[in-house]
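J.: Pasting input09.csv here (CSV, C-alpha atoms):
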```csv
chain,number,residue,atom,x,y,z
A,612,MET,CA,-64.2,108.2,175.4
A,613,GLN,CA,-62.0,105.9,177.3
A,614,PRO,CA,-62.7,105.4,180.9
A,615,VAL,CA,-60.1,107.1,183.1
A,616,LYS,CA,-58.0,104.5,184.8
A,617,PRO,CA,-58.2,104.5,188.6
A,618,PHE,CA,-54.4,104.1,189.1
A,619,PHE,CA,-53.9,107.3,187.0
A,620,MET,CA,-56.3,109.3,189.2
A,621,ILE,CA,-54.5,108.2,192.4
A,622,ALA,CA,-51.1,109.1,190.8
A,623,LEU,CA,-52.4,112.5,189.9
A,624,ALA,CA,-53.8,113.1,193.4
A,625,VAL,CA,-50.4,112.2,194.9
A,626,VAL,CA,-48.6,114.7,192.6
A,627,ILE,CA,-51.1,117.5,193.5
A,628,ALA,CA,-50.8,116.7,197.2
A,629,GLY,CA,-47.0,116.8,196.9
A,630,LEU,CA,-47.2,120.2,195.2
A,631,GLY,CA,-49.5,121.5,198.0
A,632,GLY,CA,-47.0,120.3,200.5
A,633,CYS,CA,-44.2,122.3,198.8
A,634,GLU,CA,-46.4,125.5,198.9
A,635,THR,CA,-46.7,125.4,202.7
A,636,ALA,CA,-43.1,126.4,202.9
A,637,THR,CA,-44.1,130.0,201.8
A,638,PRO,CA,-47.2,131.6,203.7
A,639,PRO,CA,-50.4,131.6,201.6
A,640,ALA,CA,-51.5,135.0,200.2
A,641,LYS,CA,-54.0,136.7,202.5
A,642,PRO,CA,-57.5,136.4,201.1
A,643,ALA,CA,-58.9,139.7,199.8
A,644,PRO,CA,-61.3,141.3,202.4
A,645,ASP,CA,-64.9,140.8,201.6
A,646,PRO,CA,-66.4,144.2,200.8
A,647,ALA,CA,-69.8,143.2,202.2
A,648,VAL,CA,-68.2,142.2,205.5
A,649,GLN,CA,-66.3,145.5,205.6
A,650,LYS,CA,-69.4,147.5,205.0
A,651,TRP,CA,-71.2,145.9,207.9
A,652,ALA,CA,-68.2,146.3,210.1
A,653,ALA,CA,-68.1,150.0,209.3
A,654,LEU,CA,-71.5,150.5,210.9
A,655,ALA,CA,-69.9,150.0,214.3
A,656,ALA,CA,-68.5,153.5,214.0
A,657,LEU,CA,-71.9,155.1,213.8
A,658,PRO,CA,-73.5,156.6,216.9
A,659,ASP,CA,-75.7,154.5,219.2
A,660,TRP,CA,-79.3,155.5,218.4
A,661,ASN,CA,-80.7,152.3,219.7
A,662,GLY,CA,-84.1,152.2,221.4
A,663,VAL,CA,-86.9,154.5,220.2
A,664,TRP,CA,-87.4,158.3,220.2
A,665,GLU,CA,-90.5,160.1,221.1
A,666,ILE,CA,-91.1,163.7,220.1
A,667,ASP,CA,-91.2,166.1,223.1
A,668,TRP,CA,-94.7,167.1,222.3
A,669,ARG,CA,-95.4,168.7,225.7
A,670,ASN,CA,-92.0,170.5,225.5
A,671,THR,CA,-90.7,169.2,228.8
A,672,ARG,CA,-87.2,170.1,227.6
A,673,GLY,CA,-88.2,173.8,227.4
A,674,SER,CA,-87.1,174.2,223.7
A,675,ALA,CA,-87.6,177.5,222.0
A,676,PRO,CA,-91.0,177.7,220.2
A,677,ARG,CA,-90.9,177.0,216.5
A,678,PRO,CA,-90.4,180.2,214.5
A,679,GLN,CA,-93.1,181.8,212.3
A,680,MET,CA,-93.1,180.8,208.6
A,681,LYS,CA,-92.4,183.6,206.2
A,682,LEU,CA,-94.7,183.0,203.3
A,683,THR,CA,-94.9,184.5,199.8
A,684,PRO,CA,-97.9,186.8,199.3
A,685,GLU,CA,-99.7,184.1,197.4
A,686,TYR,CA,-99.3,181.5,200.1
A,687,GLN,CA,-100.0,184.0,202.9
A,688,ALA,CA,-103.3,184.8,201.1
A,689,ARG,CA,-104.1,181.0,200.9
A,690,LEU,CA,-103.4,180.6,204.6
A,691,ASP,CA,-105.6,183.6,205.4
A,692,THR,CA,-108.5,182.1,203.4
A,693,TYR,CA,-107.9,178.7,205.0
A,694,ARG,CA,-108.1,180.2,208.5
A,695,LYS,CA,-111.2,182.2,207.6
A,696,LYS,CA,-112.9,179.0,206.6
A,697,GLN,CA,-111.9,177.4,209.9
A,698,LYS,CA,-114.1,179.9,211.7
A,699,GLY,CA,-117.0,178.6,209.6
A,700,GLY,CA,-116.4,175.0,210.6
A,701,GLU,CA,-114.2,173.9,207.6
A,702,ASN,CA,-110.6,172.9,207.6
A,703,LEU,CA,-110.7,171.7,211.2
A,704,GLN,CA,-109.8,168.1,210.3
A,705,SER,CA,-107.1,166.9,208.0
A,706,GLU,CA,-107.1,163.8,205.8
A,707,GLY,CA,-105.2,162.2,208.8
A,708,ALA,CA,-108.7,161.6,210.3
A,709,ASN,CA,-109.4,159.4,207.3
A,710,CYS,CA,-106.1,157.6,208.0
A,711,VAL,CA,-104.1,159.2,205.2
A,712,PRO,CA,-100.5,159.5,206.4
A,713,PRO,CA,-99.1,163.1,206.5
A,714,GLY,CA,-95.9,162.4,204.6
A,715,LEU,CA,-92.7,164.4,205.3
A,716,PRO,CA,-92.2,166.6,207.2
A,717,GLY,CA,-95.5,165.9,209.2
A,718,ILE,CA,-94.6,162.3,209.8
A,719,MET,CA,-91.6,163.4,211.9
A,720,SER,CA,-93.8,165.3,214.4
A,721,GLN,CA,-96.3,162.7,215.4
A,722,PRO,CA,-96.8,161.9,219.1
A,723,TYR,CA,-95.5,158.4,218.5
A,724,PRO,CA,-91.9,157.1,218.6
A,725,ILE,CA,-89.5,156.6,215.7
A,726,GLU,CA,-86.8,154.1,215.4
A,727,PHE,CA,-83.5,154.0,213.4
A,728,LEU,CA,-82.0,151.0,211.7
A,729,TYR,CA,-78.6,151.0,210.0
A,730,GLN,CA,-77.6,149.1,206.9
A,731,PRO,CA,-74.5,149.4,204.8
A,732,ASP,CA,-76.3,151.4,202.1
A,733,LYS,CA,-79.0,153.1,204.0
A,734,VAL,CA,-80.5,154.3,207.3
A,735,VAL,CA,-84.1,153.1,207.7
A,736,MET,CA,-86.4,155.1,209.8
A,737,LEU,CA,-89.6,153.5,211.2
A,738,THR,CA,-92.4,155.7,212.4
A,739,GLU,CA,-95.0,154.2,214.7
A,740,ALA,CA,-97.6,156.7,213.5
A,741,TYR,CA,-99.4,155.1,210.6
A,742,MET,CA,-96.6,152.4,210.5
A,743,GLN,CA,-94.5,154.2,208.0
A,744,PHE,CA,-90.9,153.8,206.9
A,745,ARG,CA,-88.3,156.0,205.3
A,746,HIS,CA,-85.2,154.9,203.4
A,747,ILE,CA,-82.2,157.4,203.5
A,748,TRP,CA,-79.6,156.2,201.0
A,749,THR,CA,-76.1,156.6,202.4
A,750,ASP,CA,-74.2,154.8,199.6
A,751,GLY,CA,-73.4,158.0,197.7
A,752,ARG,CA,-76.1,157.7,195.1
A,753,LYS,CA,-77.8,160.9,193.7
A,754,HIS,CA,-81.5,161.7,193.6
A,755,PRO,CA,-83.2,160.4,190.5
A,756,GLU,CA,-83.3,162.9,187.6
A,757,ASP,CA,-87.1,162.9,187.6
A,758,PRO,CA,-88.3,161.3,190.8
A,759,ASP,CA,-91.9,160.0,191.1
A,760,PRO,CA,-93.8,162.2,193.5
A,761,ALA,CA,-93.9,160.5,197.0
A,762,TYR,CA,-95.2,161.3,200.4
A,763,MET,CA,-91.8,160.8,201.9
A,764,GLY,CA,-89.9,162.1,198.9
A,765,HIS,CA,-86.5,160.6,197.9
A,766,SER,CA,-83.9,160.9,200.6
A,767,ILE,CA,-80.1,160.7,200.4
A,768,GLY,CA,-77.9,161.2,203.4
A,769,HIS,CA,-74.3,161.2,204.7
A,770,TRP,CA,-72.6,161.3,208.1
A,771,GLU,CA,-70.8,164.4,209.3
A,772,GLY,CA,-69.2,163.0,212.4
A,773,GLN,CA,-72.0,161.9,214.6
A,774,THR,CA,-74.7,163.8,212.7
A,775,LEU,CA,-76.8,162.3,209.9
A,776,VAL,CA,-77.5,164.9,207.2
A,777,ILE,CA,-80.4,164.1,204.9
A,778,ASP,CA,-81.5,165.8,201.7
A,779,SER,CA,-85.0,165.0,200.3
A,780,VAL,CA,-86.8,166.0,197.1
A,781,GLY,CA,-89.5,164.6,194.9
A,782,PHE,CA,-92.6,165.2,197.1
A,783,THR,CA,-96.2,164.8,196.1
A,784,THR,CA,-98.1,168.1,196.4
A,785,SER,CA,-101.0,166.5,198.2
A,786,THR,CA,-99.4,167.0,201.7
A,787,MET,CA,-99.2,170.1,203.9
A,788,LEU,CA,-96.2,171.5,205.6
A,789,ALA,CA,-98.4,172.9,208.4
A,790,SER,CA,-102.1,173.5,208.8
A,791,GLY,CA,-103.1,175.6,205.8
A,792,VAL,CA,-99.7,175.6,204.2
A,793,PRO,CA,-99.4,173.4,201.1
A,794,HIS,CA,-96.3,173.3,199.0
A,795,SER,CA,-95.1,173.1,195.4
A,796,ASP,CA,-93.2,170.3,193.6
A,797,GLN,CA,-90.0,172.4,194.2
A,798,LEU,CA,-90.0,171.4,197.9
A,799,ARG,CA,-86.7,170.4,199.3
A,800,ILE,CA,-86.2,169.2,202.9
A,801,THR,CA,-82.9,168.9,204.7
A,802,GLU,CA,-82.6,167.3,208.1
A,803,LYS,CA,-79.7,167.2,210.6
A,804,ILE,CA,-80.1,164.5,213.2
A,805,HIS,CA,-77.8,164.1,216.2
A,806,ARG,CA,-78.0,162.6,219.7
A,807,VAL,CA,-77.4,165.4,222.2
A,808,ASP,CA,-76.9,163.2,225.3
A,809,LYS,CA,-78.3,160.0,227.0
A,810,ASP,CA,-81.9,161.2,226.9
A,811,TRP,CA,-82.2,163.6,223.9
A,812,MET,CA,-82.0,163.7,220.2
A,813,GLU,CA,-82.4,166.8,218.1
A,814,ILE,CA,-83.6,167.1,214.5
A,815,GLU,CA,-83.0,170.4,212.7
A,816,THR,CA,-85.3,170.6,209.7
A,817,THR,CA,-85.1,173.1,206.9
A,818,LEU,CA,-87.9,173.5,204.4
A,819,ILE,CA,-87.0,175.1,201.1
A,820,ASP,CA,-89.7,176.0,198.6
A,821,PRO,CA,-89.3,179.3,196.7
A,822,VAL,CA,-93.0,179.2,195.7
A,823,VAL,CA,-94.1,179.0,199.4
A,824,PHE,CA,-91.4,180.7,201.5
A,825,THR,CA,-89.6,184.0,201.1
A,826,GLU,CA,-86.6,182.4,202.9
A,827,PRO,CA,-85.8,178.8,204.0
A,828,TYR,CA,-87.7,177.8,207.1
A,829,THR,CA,-85.7,176.1,209.9
A,830,SER,CA,-87.0,174.6,213.1
A,831,THR,CA,-85.5,172.1,215.6
A,832,ILE,CA,-87.5,169.4,217.4
A,833,SER,CA,-86.4,167.4,220.4
A,834,TYR,CA,-87.0,163.7,220.8
A,835,ARG,CA,-86.7,161.8,224.1
A,836,HIS,CA,-85.1,158.4,224.3
A,837,LEU,CA,-87.4,155.6,225.3
A,838,ASP,CA,-86.3,152.2,226.3
A,839,ASP,CA,-89.2,150.8,224.5
A,840,GLU,CA,-90.2,149.3,221.2
A,841,ILE,CA,-92.4,150.4,218.2
A,842,ARG,CA,-95.9,149.2,218.5
A,843,GLU,CA,-98.4,148.3,215.8
A,844,TYR,CA,-100.5,151.1,214.4
A,845,ILE,CA,-103.2,150.1,211.9
A,846,CYS,CA,-105.2,153.3,211.5
A,847,LEU,CA,-108.1,151.6,209.8
A,848,GLU,CA,-108.4,149.0,212.5
A,849,ASN,CA,-111.2,150.8,214.2
A,850,ASN,CA,-111.5,154.4,213.0
A,851,HIS,CA,-114.6,156.3,214.1
A,852,ASP,CA,-113.2,159.7,213.0
A,853,GLY,CA,-113.6,161.3,209.6
A,854,ALA,CA,-113.1,164.5,207.6
A,855,ASP,CA,-115.3,165.4,204.6
A,856,GLU,CA,-113.9,167.2,201.5
A,857,LYS,CA,-114.1,170.5,203.3
A,858,GLY,CA,-112.3,169.4,206.4
A,859,ARG,CA,-115.4,169.2,208.6
A,860,PRO,CA,-114.9,166.6,211.4
A,861,SER,CA,-117.2,163.7,212.1
A,862,LEU,CA,-117.4,160.9,214.7
A,863,LYS,CA,-119.3,157.7,213.9
A,864,LEU,CA,-120.9,156.3,217.1
A,865,GLU,CA,-121.9,153.1,215.3
A,866,LYS,CA,-119.4,151.4,213.0
B,166,MET,CA,-110.9,167.8,239.4
B,167,LYS,CA,-111.3,171.3,238.0
B,168,VAL,CA,-107.5,171.7,238.2
B,169,PHE,CA,-107.0,168.5,236.3
B,170,ILE,CA,-109.5,169.5,233.5
B,171,ARG,CA,-107.7,172.8,233.1
B,172,ALA,CA,-104.4,171.1,232.9
B,173,ALA,CA,-105.6,168.5,230.4
B,174,THR,CA,-107.3,171.1,228.3
B,175,ALA,CA,-104.1,173.1,228.3
B,176,ALA,CA,-102.1,170.1,227.3
B,177,LEU,CA,-104.5,169.4,224.4
B,178,LEU,CA,-104.5,173.0,223.2
B,179,THR,CA,-100.7,172.9,222.9
B,180,MET,CA,-101.1,170.1,220.5
B,181,THR,CA,-100.8,171.7,217.1
B,182,LEU,CA,-102.0,170.0,213.9
B,183,PRO,CA,-98.8,168.0,213.3
B,184,ALA,CA,-98.6,166.9,216.9
B,185,MET,CA,-102.1,165.6,217.1
B,186,ALA,CA,-101.5,162.2,215.5
B,187,HIS,CA,-104.6,161.5,213.6
B,188,HIS,CA,-107.2,164.1,213.9
B,189,SER,CA,-108.2,167.3,215.7
B,190,THR,CA,-110.7,167.3,218.6
B,191,ALA,CA,-113.0,169.7,216.9
B,192,MET,CA,-116.1,167.6,217.4
B,193,PHE,CA,-115.7,167.5,221.2
B,194,ASP,CA,-116.6,170.4,223.5
B,195,PHE,CA,-113.5,170.7,225.6
B,196,THR,CA,-114.9,173.5,227.5
B,197,ARG,CA,-117.5,171.2,229.2
B,198,THR,CA,-117.0,168.1,231.3
B,199,VAL,CA,-120.0,165.8,231.8
B,200,GLN,CA,-120.2,163.1,234.5
B,201,LEU,CA,-121.6,159.7,233.6
B,202,GLU,CA,-122.4,156.6,235.6
B,203,GLY,CA,-123.0,153.2,233.9
B,204,THR,CA,-121.7,149.8,232.9
B,205,ILE,CA,-119.0,149.0,230.4
B,206,LYS,CA,-120.5,147.2,227.5
B,207,ASP,CA,-117.4,147.0,225.4
B,208,PHE,CA,-113.8,148.2,225.7
B,209,GLN,CA,-112.0,148.2,222.3
B,210,TRP,CA,-108.2,148.2,222.6
B,211,THR,CA,-107.7,149.3,219.0
B,212,ASN,CA,-106.0,152.0,216.9
B,213,PRO,CA,-106.2,154.7,216.0
B,214,HIS,CA,-108.2,155.2,219.3
B,215,THR,CA,-109.6,153.1,222.1
B,216,TRP,CA,-113.4,153.0,221.9
B,217,THR,CA,-115.6,152.4,224.9
B,218,VAL,CA,-119.3,151.6,224.8
B,219,VAL,CA,-121.0,152.4,228.1
B,220,THR,CA,-124.6,151.7,229.0
B,221,VAL,CA,-125.5,154.8,231.1
B,222,THR,CA,-128.3,154.2,233.5
B,223,GLY,CA,-129.6,157.8,234.0
B,224,LYS,CA,-128.6,160.5,236.4
B,225,PRO,CA,-126.6,162.6,236.3
B,226,ALA,CA,-126.7,162.2,232.5
B,227,VAL,CA,-129.3,161.2,230.0
B,228,ALA,CA,-129.7,157.4,229.9
B,229,GLY,CA,-128.6,155.4,226.9
B,230,GLU,CA,-125.6,153.9,225.1
B,231,TYR,CA,-122.6,156.2,224.9
B,232,GLY,CA,-119.7,155.8,222.5
B,233,LEU,CA,-116.4,157.3,223.9
B,234,GLU,CA,-113.2,157.9,222.1
B,235,GLY,CA,-110.0,157.6,224.1
B,236,MET,CA,-106.3,157.8,223.4
B,237,SER,CA,-104.7,155.0,221.4
B,238,PRO,CA,-103.5,151.7,222.9
B,239,ASN,CA,-100.0,152.8,221.9
B,240,TYR,CA,-100.2,155.9,224.0
B,241,LEU,CA,-102.1,154.4,226.9
B,242,ALA,CA,-99.9,151.3,227.1
B,243,ARG,CA,-97.0,153.7,227.8
B,244,ASN,CA,-99.0,155.3,230.5
B,245,GLY,CA,-100.1,152.4,232.7
B,246,TRP,CA,-103.2,151.1,230.9
B,247,THR,CA,-103.6,147.6,229.5
B,248,LYS,CA,-106.3,145.9,227.4
B,249,ARG,CA,-107.7,144.6,230.7
B,250,THR,CA,-108.0,148.0,232.4
B,251,LEU,CA,-111.7,148.1,231.5
B,252,ASN,CA,-113.9,145.0,231.2
B,253,SER,CA,-117.4,144.4,230.1
B,254,GLY,CA,-119.7,144.5,233.1
B,255,ASP,CA,-117.6,146.9,235.1
B,256,LYS,CA,-119.7,149.5,236.9
B,257,VAL,CA,-117.9,152.8,236.4
B,258,LYS,CA,-118.1,156.6,236.8
B,259,LEU,CA,-116.8,158.6,233.9
B,260,ALA,CA,-115.9,162.2,233.0
B,261,ILE,CA,-116.2,163.0,229.4
B,262,HIS,CA,-116.0,166.0,227.0
B,263,PRO,CA,-119.3,165.7,225.2
B,264,LEU,CA,-119.9,165.8,221.5
B,265,LYS,CA,-120.8,169.3,220.3
B,266,ASP,CA,-123.8,168.0,218.3
B,267,GLY,CA,-125.5,166.5,221.3
B,268,ARG,CA,-125.4,162.9,220.4
B,269,LYS,CA,-124.5,160.4,223.1
B,270,GLY,CA,-120.8,160.3,222.8
B,271,GLY,CA,-117.6,162.2,223.6
B,272,PHE,CA,-113.9,162.0,224.6
B,273,MET,CA,-113.2,160.0,227.7
B,274,VAL,CA,-111.3,162.2,230.2
B,275,SER,CA,-111.2,159.7,233.1
B,276,VAL,CA,-112.8,156.5,234.4
B,277,THR,CA,-113.3,155.5,238.0
B,278,LEU,CA,-113.4,151.8,238.8
B,279,PRO,CA,-115.6,150.3,241.6
B,280,ASP,CA,-112.5,150.1,243.8
B,281,GLY,CA,-111.9,153.8,243.4
B,282,THR,CA,-109.0,153.5,241.0
B,283,ILE,CA,-109.0,156.4,238.5
B,284,HIS,CA,-107.5,156.1,235.0
B,285,TYR,CA,-106.9,159.2,232.9
B,286,ASN,CA,-106.6,159.4,229.1
B,287,LEU,CA,-104.4,162.4,229.1
B,288,PRO,CA,-101.7,163.5,231.5
B,289,ARG,CA,-103.1,165.2,234.6
B,290,ARG,CA,-100.8,168.1,234.2
B,291,PRO,CA,-98.0,169.0,231.8
B,292,GLU,CA,-94.8,167.5,233.2
```
Please, can you express the file's structure as structure tokens?
T.:
Amino acid sequence: MQPVKPFFMIALAVVIAGLGGCETATPPAKPAPDPAVQKWAALAALPDWNGVWEIDWRNTRGSAPRPQMKLTPEYQARLDTYRKKQKGGENLQSEGANCVPPGLPGIMSQPYPIEFLYQPDKVVMLTEAYMQFRHIWTDGRKHPEDPDPAYMGHSIGHWEGQTLVIDSVGFTTSTMLASGVPHSDQLRITEKIHRVDKDWMEIETTLIDPVVFTEPYTSTISYRHLDDEIREYICLENNHDGADEKGRPSLKLEK
Amino acid sequence: MKVFIRAATAALLTMTLPAMAHHSTAMFDFTRTVQLEGTIKDFQWTNPHTWTVVTVTGKPAVAGEYGLEGMSPNYLARNGWTKRTLNSGDKVKLAIHPLKDGRKGGFMVSVTLPDGTIHYNLPRRPE
């Protein structure tokens, strides 16, 4: 190949510069907006849930007590047996004593704060208890056809005004909905989360499981705003507590 | 003190399974409160619970080394405690809910420092 002659390159540059100069006469086309930037900017319209939120576990807000669960005969019988064993010293301690996280919905009613983080495709929930996280996909995706069983399930959500509406499926059956109330693989959980005022957030949770309940079970929990931050919580850091396979509690005095 | 115990017990009893973070209190006798006097051997500011080892010198309780569970640093830090609230060598008075099985241990209700300051593990009354 012949080397390109320098004078030719200079001439070409002059021609291009000249053409550029001609184009400034008409305004340049506006660059197409960057979808990624637009998605981040859209987050500004979401409600301010900054800070952390602590369950009102002493009910200082005076909320109505949670309603009774209406169980199918099979699951009522299971609960009766569970409670009978409690009188004999069993089922007094959950696997939580061995540092196994409770999964959804139990993770939402721990006496430690939760925090919300917004991203364009999801809301991330951090729970201080057991240092857990939840991903709530808000990008319009569907649940997987055949989700792997998970403690938190698979969650998709959307905003209805200032309320985040979450639908979750795909739960492992190794968790309990309440003391003595297990569930089937048909469990579906919906949550409606909204900030009531400066101090309070409410989460209305509905549990649907035709194997367990004769009708969907709905309850509402209040969370208080704390100007605070999530702390570390390593359950196995120094755990003296335990539960055996029958739920009998223990306390190790020596580690 | 009795009023406080009742209030604290009431607060605890209202904690249902999901609300009690990590475990129940089934191994402690919440109907009884025992007074201890001794010296802090070790104060462990750790999750899921604080753990205090106290060398109890005798009256009013049986002498020996006691292991006391307390609320988590996460909870206590939001209620006025720090990792330096108790220090090895501190001579203290304690109120505990003893273990049901009679071993030397329990749940720490409160601790009184030499200067008379009292620190509580649980709220003194429901707010």
J.: Which residue, B:Thr211, B:Arg243, B:Arg197, B:Met192, has the smallest gap to Ala260 of chain B when you use all atoms listed in the file?
T.: B:Arg197
J.: Kindly provide, as a ChimeraX atom specification, the residues of chain A having any atom no farther than 10 Å from an atom of chain B, counting all atoms listed in the file.
T.: /A:666-672,700,703-713,716-724,739-741,787-791,839,841-854,859-865
J.: Could you tell me how far atom CA of Ser275 of chain B sits from atom CA of Asn244 of chain B, in Å to one decimal place?
T.: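 Atom CA of Ser275 of chain B lies at a distance of 13.2 Å from atom CA of Asn244 of chain B.
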J.: Residues around (-110.9, 148.6, 231.1), cut-off 9 Å, counting only C-alpha atoms - what are they as a list in words?
T.: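 Selection result: Ile205, Asp207, Phe208, Gln209, Trp210, Thr217, Trp246, Thr247, Lys248, Arg249, Thr250, Leu251, Asn252, Ser253, Asp255, Val276 and Leu278 of chain B.
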J.: Just give me the residues with any atom within 7 Å of (-117.7, 153.6, 236.4), file coordinates, counting all atoms listed in the file, written as a list in words.
T.: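 Taken together, the residues in range are Glu202, Gly203, Thr204, Asp255, Lys256, Val257, Lys258, Leu259, Val276, Thr277, Leu278 and Pro279 of chain B.
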J.: Could you work out how far atom CA of Ile261 of chain B lies from atom CA of Glu665 of chain A, giving the answer in Å with one decimal?
T.: 27.2 Å
J.: Measure the distance from atom CA of Val219 of chain B to atom CA of Lys206 of chain B in Å and round it to one decimal.
T.: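 Atom CA of Val219 of chain B sits 5.3 Å away from atom CA of Lys206 of chain B.
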J.: Which of these, A:Trp664, A:Tyr686, A:Phe744, A:Trp811, has the shortest distance to Val823 of chain A once you count all atoms listed in the file?
T.: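 Ranking A:Trp664, A:Tyr686, A:Phe744, A:Trp811 by distance to Val823 of chain A, first place goes to A:Tyr686.
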